[in-house]
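K.L.:
Okay, here's the structure, questions in a sec.
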Amino acid sequence: MTQVRYDPEIVEQKWQARWQAGNDFAVSVDLDKKKCYVLEMFPYPSGNIHMGHVRNYSIGDVVARCKRMQGFNVLHPMGWDAFGLPAENAAIKNHTHPVKWTYANIDAMRTQMQRLGYSYDWSREIATCRPEYYRWEQMFFLRLLQNDLVYRKKSPQNWCPSCHTVLANEQVIDGFCWRCESRVEQKDLVQWFLKITAYGDELLDDLSLLENGWPARVLAMQRNWIGKSIGATVMFGLAEEHADAGIDVFTTRPDTLFGVTFMTLAPEHPLVERLITGYEKADEVRAFVKRIRNMDRINRQSDTLEKEGIFTGAYAVHPFTGERVPLWLGNFVIADYGSGAVMGVPAHDQRDFDFARKYNLPVRVVICPEGKSLEADGMDEAFTGEGIMVNSGPFNGLRNEEGKKAVADALAAGGRGSASTQFRLKDWNISRQRYWGAPIPVVYCDRCGVVPEKEENLPVLLPLDAKIGDDGRSPLTELSSFVGCDCPRCGGRARRETDTMDTFVESSWYFARYTDARNASAPFSQDALEYWLPVDQYIGGVEHAILHLLYSRFFTRVLRNMGFFPKDLSEPFTNLLTQGMVLKDGAKMSKSKGNVVDPTEMINKYGADAVRLFCLFAAPPERDFDWSDAGIEGAFRFLGRVWRLFVEEKARFLPLGACGAGDADVQSEQAAELRRKEHLTVKKVSEDMGGRFQFNTAIAAVMELVNAMYLVRERLGMDEADRRVFSSAMATALTLLSPIAPHICEELWERLGHSVPLFNQPWPDWDQSAAASKMLTIALQVNGKLRGSLEIQAEADKAALEQAALADPAVKRHTEHLTIHRVIVVPGKLVNIVAG
RNA sequence: GCCCGGGUGGUGGAACUGGUAGACACAAGGGACUUAAAAUCCCUCGGCGGAAACGCUGUGCGGGUUCAAGUCCCGCCUCGGGCACCA
């Protein structure tokens, strides 16, 4: 205990051991206390924490510690998103088993995390690869099936040839796999889908509930991704020999329906073969279809791709005019958006205009700008603005915006369509052709077909005796002890589904499991959910802005509607903070670039407190920041400064010294100034940490307080009143800094004679009058330019300020030859003299 | 093309609802202590001019509103991110 120099290793080990032994951050439901659920996105157990983790969890820990001191019952858990591909890849590479690799990594990472002193309730730790966890997920799957929210469908899917599995749309980035960056191919497969589109409207509309709690850009990204378009579906009949069939078309411009001069179908459209049968150029059309279908997604969707089309020889019938409309195929029409067919209105859509010019199709104007006429022949681009409807039969003369509704209504009345909405969002493919995941609990029976497993038979265990081959293919398909099973319906022999679930299913509900993590008879108890949910503050990287956050919002609604979640719960995460990346030399840290900064190395050198401090001080949390070795040195130096001040000034400290204990009537000006600084600092840090999450400025404020203490300590007396002020400032500095650098603060707190730990101390209050200064510095301006300043009593009124300002020599000098027109006095701030 | 963010010293970044631009740090330079180094402490630090007092100028660019603009309005430039032949 006579340690004089600041040695973080000794201090940090001591306090970490105490927190662990005392289980100090374990919480339980306490209806008398207000709760606060602080959550950081759980990590994939790769085996090593990186600076991004450190930043993420340090932010969360400051919030959790702060809320705890503010009297909240704080749930702050940690766990492992433990299923997924890297475990399989590592297993292949190192000739081990994913289960061994994963659990070893979890142990290693937990140890690393504990060295950072995070205040987690480790008794709630979860790992999604444990049967105790995924059995509930399998149960949810069965319930979703009962509720018609899961279905099986064969369709072209995104296939990653290197991961040997399909990917959800959200996992394809610019045509490449989100994990391994291989080029994604299309492959026809039968897969399981969750009907997220059934919640499209709700997921979109409820974003308004998050407007105050989520970053605008995340909301915008979700809005974009859901991609709602409002318009109408028009049912076109077909002409002549195809009259028994019809083609639906979605359009956002029903007001231009009379301007349709052709129609374009996707080459994949199911009617194509029927339409061209008997057409003399059918073979040319088939060749076109084949050529387009063979193009990969990237070329097909590139914006430089030339628009191409071919006539099918068939015609549709216009629902109002009865005119024949030629049916074309187009390489730009997307098969799985809308109905895979587009009506061509060249006069009012630029792409259709280009297409019509290229293939010599007629252009018909049906909207005119108000007060003008428009001739198809003279146009060199489409007119897409607002105007008055013409050449549109009964709708002539309507404003086109009114026409949208009028046409949709008329379509509906005639049974030829209706107003409708389209989403860009597609249903979520959750099947993965991989081993290391939660088995999908269904079986295939020759007699009964697709049969869900019985709930009492859950979990369907992922067999741990599977041998992982070198080719990366799932060993489950070859494992007869897994595949072979009894049909839950007829009892006969059946085959088990060998696909596993997308790991994003696990992370869609993990936040709820933490509320009751050891429950063996249910996924969670209602009491725990009612008390803890929703998550009050969620913190994680912006890379999950769409994937994980959208899926979790979807799951929350589904689980609520199925009766698992509280009835009034819609949004799982009330507030979201998306932290920026930690860069090195301006680039993302990566092994291949060799610019990785290892947190463990930094902790060894400077201690966890300095690492945490620097991560929070370097930039506001949502911004990217560049790791700087000089910066961490600076953080470490500051902690050393704090240490020295407290060790050296211990004698000045009064045993009863507490935050805000300084007397209001202290005699010395230095003491009064320090007391003011103390209260101002509490105000600033409380606002910055509690509301705005500007930890960088909160830290700056504490630094200022510490600097002020260094400045006055020589000049301060040892009389009781002065000592009380200094003691109070010491207590306040430690308290305010403790969420950020908890170890050193606890240690100094104890050395000052406290027996109660600091982490449970109440957050200090500030006193408005104590923070106020007796003298103020008032800026003096002439015509808005700063010309001097004025020291004056705080209570001086406007007249006094004006008088003092006009008497100021600098002001006099600048107004010498001018006439004073006006004097603007902003009490407490400035006086501006308008002269000319 | 549409939708979100940004642009402030050598660097990271401050500046709450318009009110003294550059807090707090880092780096740099100078000094003190030391046999020396480390550590620590003190001073300087947007640009131009000046010995100084002080003056001019300055928050991507151009306008505007205002007594007063980094902050508000209009028009641009530029960087980052999301969506995109979406019908």
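All residue names refer to the structure tokens as shown: chains lettered A, B, ... in order, residues numbered from 1 in each chain, ligands numbered from 1 in order.
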Given a cut-off of 12 Å, which residues of chain B touch chain A, counting only C-alpha atoms (C1' of nucleotides), written out as a PyMOL selection string?

P.N.:
chain B and resi 1-6+11-16+19-21+23-27+39-41+53-55+66-69+80-87

K.L.:
Please return as a list in words: the residues of segment 345-491 of chain A that backbone DSSP assigns to strand (DSSP E or B).

P.N.:
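Selection result, strand (DSSP E or B) within segment 345-491 of chain A: Ile367, Cys368, Ile388, Met389, Arg399, Gly417, Ser418, Ala419, Ser420, Thr421, Gln422, Phe423, Trp428, Asn429, Ser431, Arg432, Pro439, Val442, Val443, Tyr444, Cys445, Gly449, Val450, Val451, Pro452, Gly484, Cys485 and Asp486 of chain A.
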
K.L.:
So which residues of segment 65-111 of chain A fall under helix (DSSP H, G or I) by DSSP, listed as a PyMOL selection string?

P.N.:
chain A and resi 65-69+85-94+98-111

K.L.:
What does the distance from atom C1' of G22 of chain B to atom CA of Ala804 of chain A come to in Å, to one decimal?

P.N.:
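The value is 28.6 Å.
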
K.L.:
Report the distance between atom C1' of G31 of chain B and atom CA of Gly640 of chain A in Å, rounded to one decimal place.

P.N.:
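Atom CA of Gly640 of chain A lies at a distance of 23.2 Å from atom C1' of G31 of chain B.
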
K.L.:
Rounded to one decimal place, report the atom CA of Arg135 of chain A-atom CA of Val460 of chain A distance in Å.

P.N.:
7.2 Å
